[in-house]
Every structure is written in structure tokens, then in C-alpha cells.
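Next comes target_24.cif, a file with mmCIF, C-alpha atoms.
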```cif
data_protein
#
loop_
_atom_site.label_atom_id
_atom_site.label_comp_id
_atom_site.auth_asym_id
_atom_site.auth_seq_id
_atom_site.Cartn_x
_atom_site.Cartn_y
_atom_site.Cartn_z
CA MET A 1 122.28 129.81 127.09
CA ASN A 2 122.82 133.21 125.44
CA ASP A 3 120.72 134.66 122.61
CA LEU A 4 123.17 133.53 119.88
CA ASP A 5 123.15 129.93 121.14
CA GLU A 6 119.35 129.94 121.21
CA ASP A 7 119.16 131.23 117.64
CA LEU A 8 121.59 128.54 116.43
CA THR A 9 119.54 125.86 118.14
CA LYS A 10 116.43 127.01 116.28
CA VAL A 11 118.28 126.90 112.95
CA GLU A 12 119.68 123.47 113.69
CA ARG A 13 116.26 122.09 114.52
CA ARG A 14 114.75 123.53 111.36
CA MET A 15 117.53 122.07 109.22
CA LEU A 16 117.11 118.68 110.84
CA ARG A 17 113.43 118.69 109.95
CA GLU A 18 114.32 119.58 106.35
CA LEU A 19 116.99 116.87 106.31
CA LEU A 20 114.49 114.24 107.42
CA ALA A 21 111.95 115.34 104.82
CA PHE A 22 114.60 115.37 102.07
CA ARG A 23 115.96 111.96 103.04
CA ALA A 24 112.45 110.49 103.02
CA THR A 25 111.96 111.52 99.39
CA LEU A 26 115.17 109.72 98.47
CA THR A 27 114.13 106.44 100.06
CA ALA A 28 110.58 106.35 98.72
CA GLU A 29 110.34 103.75 95.99
CA PRO A 30 107.50 102.21 94.00
CA VAL A 31 106.71 98.55 93.93
CA ALA A 32 104.52 96.20 91.89
CA ASP A 33 102.73 97.17 88.71
CA ARG A 34 98.98 97.71 88.54
CA THR A 35 96.99 94.58 89.13
CA ARG A 36 93.55 95.63 87.95
CA HIS A 37 92.29 93.78 84.90
CA SER A 38 89.08 94.26 82.97
CA ARG A 39 87.06 91.89 80.86
CA SER A 40 87.55 93.72 77.57
CA ARG A 41 90.43 96.14 77.94
CA PRO A 42 93.27 95.55 75.43
CA GLN A 43 96.49 94.50 77.13
CA ARG A 44 99.06 97.25 77.15
CA PRO A 45 102.12 98.26 79.19
CA LYS A 46 101.17 99.72 82.54
CA ALA A 47 102.84 102.42 84.56
CA ALA A 48 104.33 101.23 87.81
CA ALA A 49 102.14 101.89 90.83
CA TRP A 50 103.53 103.50 93.92
CA SER A 51 103.58 102.55 97.54
CA TYR A 52 106.06 103.25 100.28
CA ARG A 53 107.87 100.48 102.09
CA GLY A 54 107.56 101.33 105.72
CA LYS A 55 108.60 104.56 107.40
CA LEU A 56 111.99 106.22 107.49
CA ARG A 57 113.84 105.55 110.73
CA LEU A 58 116.89 107.64 111.57
CA HIS A 59 118.68 107.47 114.90
CA LEU A 60 120.06 110.93 115.55
CA PRO A 61 121.46 112.57 118.67
CA ARG A 62 119.69 115.49 120.23
CA ALA A 63 119.50 118.56 118.04
CA GLU A 64 121.40 120.64 120.60
CA THR A 65 124.52 118.47 120.14
CA ILE A 66 124.73 118.83 116.36
CA SER A 67 126.35 121.87 114.82
CA VAL A 68 125.09 123.63 111.71
CA PRO A 69 128.21 122.71 109.66
CA LEU A 70 127.72 119.04 110.54
CA VAL A 71 124.12 119.11 109.34
CA LEU A 72 125.19 120.74 106.07
CA LEU A 73 127.93 118.15 105.60
CA ALA A 74 125.47 115.30 106.21
CA LEU A 75 123.01 116.78 103.72
CA LEU A 76 125.74 117.10 101.07
CA ALA A 77 126.81 113.49 101.63
CA ILE A 78 123.25 112.22 101.15
CA VAL A 79 122.93 114.13 97.87
CA LEU A 80 126.24 112.77 96.55
CA VAL A 81 125.39 109.19 97.50
CA SER A 82 122.00 109.49 95.84
CA LEU A 83 123.51 110.85 92.64
CA LEU A 84 126.22 108.20 92.46
CA SER A 85 123.93 105.26 93.27
CA GLY A 86 120.76 106.09 91.38
CA SER A 87 120.32 108.97 89.02
CA SER A 88 123.46 108.26 86.99
CA THR A 89 122.02 104.90 85.94
CA ARG A 90 118.90 106.28 84.29
CA ALA A 91 117.77 109.08 82.01
CA LEU A 92 114.39 110.75 82.12
CA ALA A 93 111.92 109.20 79.71
CA ALA A 94 110.67 111.41 76.89
CA THR A 95 107.02 111.53 77.85
CA PRO A 96 104.40 113.23 75.63
CA LYS A 97 103.95 116.95 75.95
CA PRO A 98 100.89 117.69 78.12
CA LEU A 99 97.82 119.08 76.44
CA THR A 100 96.79 122.67 77.08
CA TYR A 101 93.44 122.94 78.84
CA HIS A 102 91.73 126.31 78.66
CA SER A 103 90.28 126.82 82.10
CA PRO A 104 86.63 127.85 82.23
CA GLY A 105 85.82 131.27 83.57
CA PRO A 106 83.34 132.28 86.25
CA GLY A 107 79.94 130.73 85.82
CA ALA A 108 81.28 127.66 84.00
CA PRO A 109 79.40 124.39 84.52
CA SER A 110 80.49 121.84 87.09
CA GLY A 111 81.87 118.49 86.00
CA ARG A 112 78.47 116.95 86.66
CA GLN A 113 76.61 119.55 84.62
CA GLU A 114 79.06 119.28 81.73
CA LEU A 115 78.47 115.53 81.45
CA LEU A 116 74.72 116.10 81.53
CA ASN A 117 75.10 118.66 78.72
CA LEU A 118 77.10 116.12 76.70
CA ALA A 119 74.46 113.47 77.37
CA ALA A 120 71.82 115.73 75.84
CA VAL A 121 74.02 116.19 72.75
CA ALA A 122 74.65 112.43 72.44
CA ALA A 123 70.95 111.63 72.70
CA ARG A 124 70.29 113.69 69.54
CA GLN A 125 72.78 111.73 67.38
CA PRO A 126 71.48 109.56 64.51
CA LYS A 127 71.43 105.79 64.84
CA LEU A 128 74.48 103.82 63.74
CA SER A 129 74.10 101.95 60.47
CA ALA A 130 75.08 98.27 60.44
CA HIS A 131 75.91 95.70 57.79
CA HIS A 132 75.84 91.90 57.73
CA PRO A 133 77.95 90.08 58.68
CA LEU A 134 78.73 92.43 61.53
CA TYR A 135 82.16 93.33 62.84
CA ALA A 136 82.66 96.08 65.38
CA TYR A 137 85.65 98.13 64.21
CA THR A 138 87.65 100.45 66.47
CA LYS A 139 90.97 102.24 66.08
CA THR A 140 92.94 103.81 68.92
CA ARG A 141 96.38 105.32 69.32
CA GLY A 142 98.16 105.84 72.59
CA TRP A 143 101.32 106.34 74.59
CA TYR A 144 101.87 104.13 77.61
CA LEU A 145 104.75 104.37 80.05
CA ASP A 146 106.61 101.04 80.05
CA SER A 147 108.64 100.78 83.27
CA ARG A 148 110.93 97.96 84.35
CA ILE A 149 112.40 97.84 87.84
CA ASP A 150 115.58 95.70 87.87
CA GLY A 151 117.32 96.14 91.19
CA LYS A 152 118.19 99.82 91.34
CA LEU A 153 117.81 100.36 87.61
CA VAL A 154 114.51 101.72 86.37
CA THR A 155 113.99 101.77 82.61
CA SER A 156 111.03 103.82 81.42
CA THR A 157 110.10 104.42 77.81
CA VAL A 158 107.06 105.84 76.09
CA VAL A 159 105.74 103.27 73.64
CA PRO A 160 103.44 104.72 70.94
CA THR A 161 100.84 102.05 70.16
CA THR A 162 98.19 101.89 67.44
CA THR A 163 95.46 99.27 67.78
CA GLU A 164 92.79 98.25 65.28
CA SER A 165 90.14 95.76 66.31
CA TRP A 166 87.52 93.83 64.35
CA ALA A 167 85.18 91.93 66.68
CA ALA A 168 82.19 89.76 65.87
CA PRO A 169 79.36 89.60 68.42
CA ASN A 170 80.74 86.28 69.74
CA GLY A 171 84.17 87.82 70.35
CA SER A 172 86.00 86.32 67.38
CA GLY A 173 87.69 88.51 64.79
CA ARG A 174 91.01 90.25 64.32
CA MET A 175 93.28 92.62 66.21
CA ARG A 176 96.26 94.44 64.73
CA THR A 177 98.67 96.21 67.10
CA THR A 178 101.64 98.32 66.03
CA LEU A 179 104.31 99.16 68.64
CA ASP A 180 106.71 101.97 67.80
CA LYS A 181 109.45 101.44 70.37
CA PRO A 182 112.23 104.07 70.25
CA GLY A 183 115.33 102.96 68.39
CA SER A 184 113.76 99.99 66.61
CA ALA A 185 111.51 99.25 63.65
CA PRO A 186 107.75 99.16 64.32
CA THR A 187 106.49 95.83 65.59
CA VAL A 188 103.20 94.71 64.04
CA ILE A 189 101.20 91.99 65.75
CA ASP A 190 98.34 90.73 63.60
CA ASP A 191 96.07 88.24 65.35
CA PHE A 192 93.27 86.70 63.28
CA ASN A 193 90.29 85.08 64.94
CA PRO A 194 91.76 85.51 68.42
CA GLY A 195 90.43 82.95 70.84
CA GLY A 196 89.22 83.60 74.35
CA ASN A 197 87.84 87.08 73.73
CA ASP A 198 84.65 88.06 75.49
CA PRO A 199 81.51 88.61 73.40
CA LEU A 200 80.50 92.17 72.63
CA LEU A 201 78.28 93.83 75.19
CA ARG A 202 74.56 94.00 74.50
CA LEU A 203 74.09 97.74 74.58
CA THR A 204 70.70 99.03 75.61
CA THR A 205 69.17 102.29 76.74
CA ASP A 206 67.66 100.56 79.79
CA LYS A 207 69.85 102.14 82.47
CA THR A 208 69.59 99.20 84.88
CA ALA A 209 70.48 96.59 82.27
CA LEU A 210 73.26 98.77 80.85
CA ALA A 211 74.77 99.35 84.29
CA ARG A 212 74.78 95.60 84.83
CA GLU A 213 76.59 95.03 81.52
CA LEU A 214 79.20 97.70 82.22
CA ALA A 215 79.83 96.38 85.73
CA GLN A 216 81.20 93.10 84.33
CA GLY A 217 84.91 93.33 85.12
CA HIS A 218 84.45 96.84 86.53
CA PRO A 219 83.20 96.60 90.13
CA ARG A 220 81.99 99.91 91.54
CA SER A 221 83.86 99.06 94.73
CA ASP A 222 87.10 99.90 92.90
CA GLY A 223 86.22 103.58 93.11
CA PRO A 224 85.02 106.41 90.88
CA VAL A 225 87.76 106.05 88.25
CA GLU A 226 86.63 102.48 87.54
CA ARG A 227 83.29 103.83 86.29
CA PHE A 228 85.10 105.72 83.55
CA VAL A 229 87.37 102.75 82.83
CA ALA A 230 84.22 100.83 81.93
CA LEU A 231 83.46 103.48 79.30
CA THR A 232 87.02 103.62 77.90
CA ASP A 233 87.18 99.82 77.67
CA LEU A 234 83.87 99.79 75.84
CA ALA A 235 85.01 102.50 73.41
CA SER A 236 88.15 100.45 72.67
CA ARG A 237 86.04 97.40 71.85
CA GLN A 238 82.91 98.42 69.97
CA PRO A 239 80.94 101.41 68.62
CA ILE A 240 78.69 103.17 71.12
CA PRO A 241 75.37 104.53 69.77
CA GLY A 242 74.60 108.09 70.81
CA SER A 243 71.50 106.98 72.71
CA VAL A 244 73.60 104.56 74.78
CA GLU A 245 76.37 107.12 75.26
CA ALA A 246 73.76 109.47 76.70
CA VAL A 247 72.71 106.92 79.32
CA ILE A 248 76.34 106.24 80.27
CA LEU A 249 77.15 109.94 80.61
CA ARG A 250 74.15 110.49 82.87
CA GLN A 251 75.34 107.65 85.09
CA LEU A 252 78.89 109.06 85.16
CA ALA A 253 77.59 112.52 86.04
CA ILE A 254 76.91 111.41 89.62
CA THR A 255 80.56 110.38 90.13
CA PRO A 256 82.07 112.21 93.13
CA GLY A 257 85.13 114.38 92.61
CA LEU A 258 84.41 115.40 89.00
CA VAL A 259 85.99 118.67 87.85
CA TYR A 260 85.32 120.46 84.57
CA ARG A 261 88.70 121.38 83.03
CA GLY A 262 87.47 123.45 80.10
CA THR A 263 88.16 123.18 76.38
CA VAL A 264 91.15 121.54 74.70
CA THR A 265 92.50 120.55 71.29
CA ASP A 266 93.60 116.93 71.36
CA ARG A 267 96.57 115.30 69.65
CA ALA A 268 94.41 114.45 66.64
CA GLY A 269 93.54 118.14 66.20
CA ARG A 270 89.96 117.75 67.42
CA SER A 271 88.15 120.19 69.71
CA GLY A 272 86.95 118.76 72.98
CA VAL A 273 85.77 119.46 76.50
CA ALA A 274 87.42 117.80 79.48
CA VAL A 275 86.47 116.50 82.91
CA SER A 276 88.83 114.94 85.41
CA ILE A 277 89.24 113.18 88.74
CA ASP A 278 92.30 113.26 91.01
CA SER A 279 92.81 109.81 92.50
CA ALA A 280 95.29 107.21 93.74
CA TYR A 281 93.37 104.56 91.79
CA SER A 282 96.57 103.11 90.31
CA GLY A 283 98.60 103.35 93.52
CA GLY A 284 99.97 106.89 93.29
CA PRO A 285 98.43 110.36 92.97
CA GLU A 286 97.35 110.93 89.36
CA ARG A 287 94.93 113.13 87.45
CA TYR A 288 92.62 111.14 85.18
CA THR A 289 91.15 113.25 82.39
CA TRP A 290 88.53 112.35 79.79
CA ILE A 291 87.88 114.47 76.69
CA PHE A 292 84.56 114.42 74.87
CA SER A 293 83.34 115.88 71.61
CA PRO A 294 81.05 118.87 72.24
CA ARG A 295 79.46 118.12 68.85
CA THR A 296 78.50 114.45 69.40
CA GLY A 297 79.15 113.70 73.08
CA ALA A 298 81.47 110.83 72.08
CA LEU A 299 84.65 110.00 73.97
CA LEU A 300 87.72 111.37 72.18
CA ASP A 301 90.61 110.85 74.58
CA GLU A 302 91.73 109.72 78.01
CA GLU A 303 94.86 110.85 79.85
CA GLU A 304 96.72 109.95 83.04
CA ARG A 305 99.14 112.49 84.48
CA LEU A 306 101.29 112.46 87.60
CA ILE A 307 100.34 115.04 90.19
CA GLY A 308 102.62 113.81 92.96
CA SER A 309 106.16 112.52 93.31
CA ALA A 310 107.39 110.24 90.52
CA GLY A 311 109.10 107.96 93.06
CA LYS A 312 111.58 105.76 91.17
CA LEU A 313 109.86 106.22 87.82
CA ASN A 314 112.39 108.14 85.74
CA VAL A 315 109.96 110.81 84.61
CA ARG A 316 109.38 114.34 85.78
CA ARG A 317 106.67 115.39 88.16
CA GLY A 318 103.59 116.30 86.13
CA SER A 319 104.44 113.92 83.27
CA VAL A 320 101.80 112.28 81.12
CA ILE A 321 102.24 108.53 81.66
CA SER A 322 99.30 107.22 79.67
CA TYR A 323 97.28 108.63 76.82
CA THR A 324 94.74 107.12 74.42
CA ILE A 325 93.09 108.70 71.38
CA TYR A 326 89.88 107.12 70.12
CA LEU A 327 90.20 107.65 66.38
CA ALA A 328 87.43 105.66 64.72
CA SER A 329 84.60 103.22 65.36
CA GLY A 330 81.77 101.71 63.37
CA TRP A 331 80.31 98.52 61.90
CA VAL A 332 82.03 96.89 58.92
CA ALA A 333 81.36 93.83 56.77
CA SER A 334 84.77 92.11 57.05
CA THR A 335 88.06 92.10 58.96
CA SER A 336 89.74 93.95 56.10
CA ASP A 337 87.38 96.94 56.18
CA ALA A 338 87.78 100.14 58.16
CA VAL A 339 85.77 103.27 58.78
#
```
Target format C-alpha cells, applied to this file:
Amino acid sequence: MNDLDEDLTKVERRMLRELLAFRATLTAEPVADRTRHSRSRPQRPKAAAWSYRGKLRLHLPRAETISVPLVLLALLAIVLVSLLSGSSTRALAATPKPLTYHSPGPGAPSGRQELLNLAAVAARQPKLSAHHPLYAYTKTRGWYLDSRIDGKLVTSTVVPTTTESWAAPNGSGRMRTTLDKPGSAPTVIDDFNPGGNDPLLRLTTDKTALARELAQGHPRSDGPVERFVALTDLASRQPIPGSVEAVILRQLAITPGLVYRGTVTDRAGRSGVAVSIDSAYSGGPERYTWIFSPRTGALLDEEERLIGSAGKLNVRRGSVISYTIYLASGWVASTSDAV
């Protein structure tokens, strides 16, 4: 074999490796939605989880017998087939614009230290005032990727959702949900005295008892993200006194994988500080970020963002697929009051 033949063989082999890698990305597809459920989390559309069905198997002749033009032709054919069979049937969903996090400079605290700093701030907050009869009022707003896999068609839309909840200690009360689906009038679901709701948690500053309460529906075996899900579910359900928030933040500070992301202005125009964890908790690689008020230590926002391939979800890599803003919470006297 002369030098030119040897060089061509090297190119052919490299292109075959690239062809295999490219073809694998075309055949990767997500399957079932998330299956985790909590005891108090409001039901909302979930982003499809990802897993890969087996490994790609291609039966190819030896690299030495394939010419460079043939490899290029095969690659072009795969691209055309993919375009004709898949991408023409779906448009990219208009996901929310990502927030801008201002990265901390040298000497910035770790994720653990930042949560401990926030815990100290929360512990100094005044006690919450309460009225009788008691209803725990919360208001949240969020965007949740709603994906439907129907054969080869994947429909993904961002559904802005506003939820107001009035909950008595026994779980009864009212929940009003407004869905703003694109292209249609807002849908308002007003449920009075909903049955089957769990009672409010008995919040205490005893760290052992509080950990036991938060673990209901949130097993630690589900991984580090589940510890924060316990907090976000609680914030969606009832007010959290600063003294209790401080205990929770100290417990979260020991979570492995925490990263301090710096300062940020959230979608409600509030200043916050952010910590995050990169995890495949929901089935695919995502970055889970939580934003807290540096003034009170309270939870302001949570965000889920893709950091890997979108698979068959018709969104771009790096898209925000879930976002919740915690707008208000407090104790009110009736299911018609707000704070």
C-alpha cells in the first residue's frame, strides 16, 4: 500500500467513526414521562424523561473497502431521511428565555457555604402572624414543558400556569389554577374544598422531627435533587417560617454536588442568589437551580434546564423546560383572601 492509499484509509476510518456517532444521535429517543410523585406537589405537566432504547447496531464492511465518496453519500442520505421523516413534522417549542446568572469571582462561597449564609439570614426573620380560622395561602407562577409523543410526532408547548392555594390544616380548602395555553383563552380551574388533600405539615425547628416530616413522599434514596423537591413542594403548599427555613437550609447545605451560581434577577424582578445541581434525576441530564432571597433566605424560584441532548423533545439544547416563581405566601382568614 502506497502513502496515498494509507492516508485515504485513515480518513475513511475517521469518517466512519463520525458517521456512527452522528447516526446514534438520530436514533436516540426518549420514552415515558417522569413517574415520581410527591405527597403535596401540585399536579402539573411534566417534561418527558429520556432513556435510550438499546445500542445502535450497524453492519458495515471493513473500512478499507469503502471509499470516501461512498461514506459522504451515505451520510447525506441519513440526513435527508431524518429531515423528511422527523423534523418536518414538528417546530421547536418557544421555551422561556434563560435567566442571566452573574458568576461569582475568586473567593466566592461554595454552594454549601451560601446555603449556610442564607440559613443565618432566615433565622433572624420575624415570626409569621396568623389569624383564625387559618388558611395557608400560596401563589406560584410557572412554565412547564408539556410534551406528547404520538408515534413519530412530538408536540411540545410551554404552558404558563398560575396557581393559588388556600389550605386548612386538615387539607381542605380551595385551589385556583389558570392555564394560558398558546392560541386559546385562559383556562381557569377553581376547586373548592378539594377532597383527598394531605394535611399541612407540622413545621418545627426540631431538625429530626422536621426531617421526618419532609421525608414523607420524598425518600432520600431518590437522590440529592429530591431533598430540594421536598422544599419546593412545601413552599407551594404553605408558608414557611424563617426559623424553619433556616433548619431546612442547614440540612440542604450538606447535599453533595452543590454549586453556587452567583446573583440573578428573577422573572418577577427580584434579586436573588442561586445554587444548583447537575443531575439525571428526571431521566436526562439537567441543571436544577434554586434561587433564594439574600434578604430573607426564602425560596424565590426553581428552574430546570437541559444540559445534554434534547432527544426527541422539540426544544433546543440548553432550553429551560420547567420554571416556578414563588410569588406570595401567608396565613389568611378565608378562601377569598390573599396576601
*asked:* So, with only C-alpha atoms as the atoms that count, which of A:Tyr135, A:Trp143, A:Tyr260, A:Tyr323 lies closest to Ser336 of chain A?
replied: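 For Ser336 of chain A, the nearest of the given residues is A:Tyr135.
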*atom CA of Val332 of chain A to atom CA of Trp166 of chain A, distance in Å rounded to a single decimal*: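 Distance between the two atoms: 8.3 Å.
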*For Thr161 of chain A, which residue among A:Ser309, A:Ile291, A:Ser329, A:Thr324 is the nearest when counting only C-alpha atoms?*
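Looking at the shortest contact to Thr161 of chain A, the residue is A:Thr324.
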_On this structure, the PyMOL selection byres ((chain A and resi 240-250) around 8) would catch which residues? List them as number ranges by chain, sorted by chain and number._
A: 115-116, 118-128, 203-205, 207, 231, 234-235, 238-239, 251-254, 296-298
*Excluding segment 274-279 of chain A and residues on its chain fewer than 5 positions from it, collect all residues at most 9 Å away from it, counting only C-alpha atoms, and give them as a ChimeraX atom specification.*
/A:101,111-112,114-115,224-225,256-264,284-292,307
Can I get the selection written as an mmCIF file, in the coordinates of the input, with C-alpha atoms?
```cif
data_model
loop_
_atom_site.group_PDB
_atom_site.id
_atom_site.type_symbol
_atom_site.label_atom_id
_atom_site.label_comp_id
_atom_site.auth_asym_id
_atom_site.auth_seq_id
_atom_site.Cartn_x
_atom_site.Cartn_y
_atom_site.Cartn_z
ATOM 1 C CA TYR A 101 93.440 122.940 78.840
ATOM 2 C CA GLY A 111 81.870 118.490 86.000
ATOM 3 C CA ARG A 112 78.470 116.950 86.660
ATOM 4 C CA GLU A 114 79.060 119.280 81.730
ATOM 5 C CA LEU A 115 78.470 115.530 81.450
ATOM 6 C CA PRO A 224 85.020 106.410 90.880
ATOM 7 C CA VAL A 225 87.760 106.050 88.250
ATOM 8 C CA PRO A 256 82.070 112.210 93.130
ATOM 9 C CA GLY A 257 85.130 114.380 92.610
ATOM 10 C CA LEU A 258 84.410 115.400 89.000
ATOM 11 C CA VAL A 259 85.990 118.670 87.850
ATOM 12 C CA TYR A 260 85.320 120.460 84.570
ATOM 13 C CA ARG A 261 88.700 121.380 83.030
ATOM 14 C CA GLY A 262 87.470 123.450 80.100
ATOM 15 C CA THR A 263 88.160 123.180 76.380
ATOM 16 C CA VAL A 264 91.150 121.540 74.700
ATOM 17 C CA GLY A 284 99.970 106.890 93.290
ATOM 18 C CA PRO A 285 98.430 110.360 92.970
ATOM 19 C CA GLU A 286 97.350 110.930 89.360
ATOM 20 C CA ARG A 287 94.930 113.130 87.450
ATOM 21 C CA TYR A 288 92.620 111.140 85.180
ATOM 22 C CA THR A 289 91.150 113.250 82.390
ATOM 23 C CA TRP A 290 88.530 112.350 79.790
ATOM 24 C CA ILE A 291 87.880 114.470 76.690
ATOM 25 C CA PHE A 292 84.560 114.420 74.870
ATOM 26 C CA ILE A 307 100.340 115.040 90.190
#
```
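Closest approach to Thr255 of chain A among A:Arg176, A:Ala310, A:Asn193, A:Glu226 is made by A:Glu226 (distances from all atoms listed in the file).
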*Could you jot down the atom CA of Leu299 of chain A to atom CA of Ser165 of chain A separation for me, Å, one decimal place?*
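Interatomic distance here is 17.1 Å.
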*Record the distance separating atom CA of Ser293 of chain A and atom CA of Ala328 of chain A, expressed in Å with one decimal.*
13.0 Å
Extending 4 Å beyond the listed atoms of segment 134-138 of chain A on each side, what axis-aligned box results? I want centre and edge lengths in Å to one decimal, as lines of an AutoDock Vina configuration file.
```
center_x = 83.2
center_y = 96.4
center_z = 64.0
size_x = 16.9
size_y = 16.0
size_z = 12.9
```
*For the structure provided, state which residues fall under the PyMOL selection byres ((chain A and resi 267) around 12), and present them as a VMD selection string.*
chain A and resid 96 to 100 141 to 143 264 to 266 268 to 272 291 300 to 303 323 to 327
*Extract, using only C-alpha atoms, all DNA, RNA and protein residues at most 7 Å from Val188 of chain A, discarding same-chain residues fewer than 3 positions from it, and format them as a list in words.*
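What passes the distance filter is Arg176, Thr177, Thr178 and Leu179 of chain A.
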Please produce a file of the residues just selected, as a compact mmCIF listing (two decimals), in the coordinates of the input, where the atoms kept are C-alpha atoms.
```txt
# COMPACT_ATOMS: atom_id res chain seq x y z
CA ARG A 176 96.26 94.44 64.73
CA THR A 177 98.67 96.21 67.10
CA THR A 178 101.64 98.32 66.03
CA LEU A 179 104.31 99.16 68.64
```
*Nearest residue to Thr187 of chain A from the set A:Thr95, A:Thr162, A:Gln113, A:Ser103 (distances using only C-alpha atoms)*: A:Thr162
*From the set A:Ala168, A:Val315, A:Leu145, A:Ala108, which residue has the shortest atom-to-atom contact distance to Val273 of chain A, counting all atoms listed in the file?*
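Smallest distance to Val273 of chain A is found for A:Ala108.
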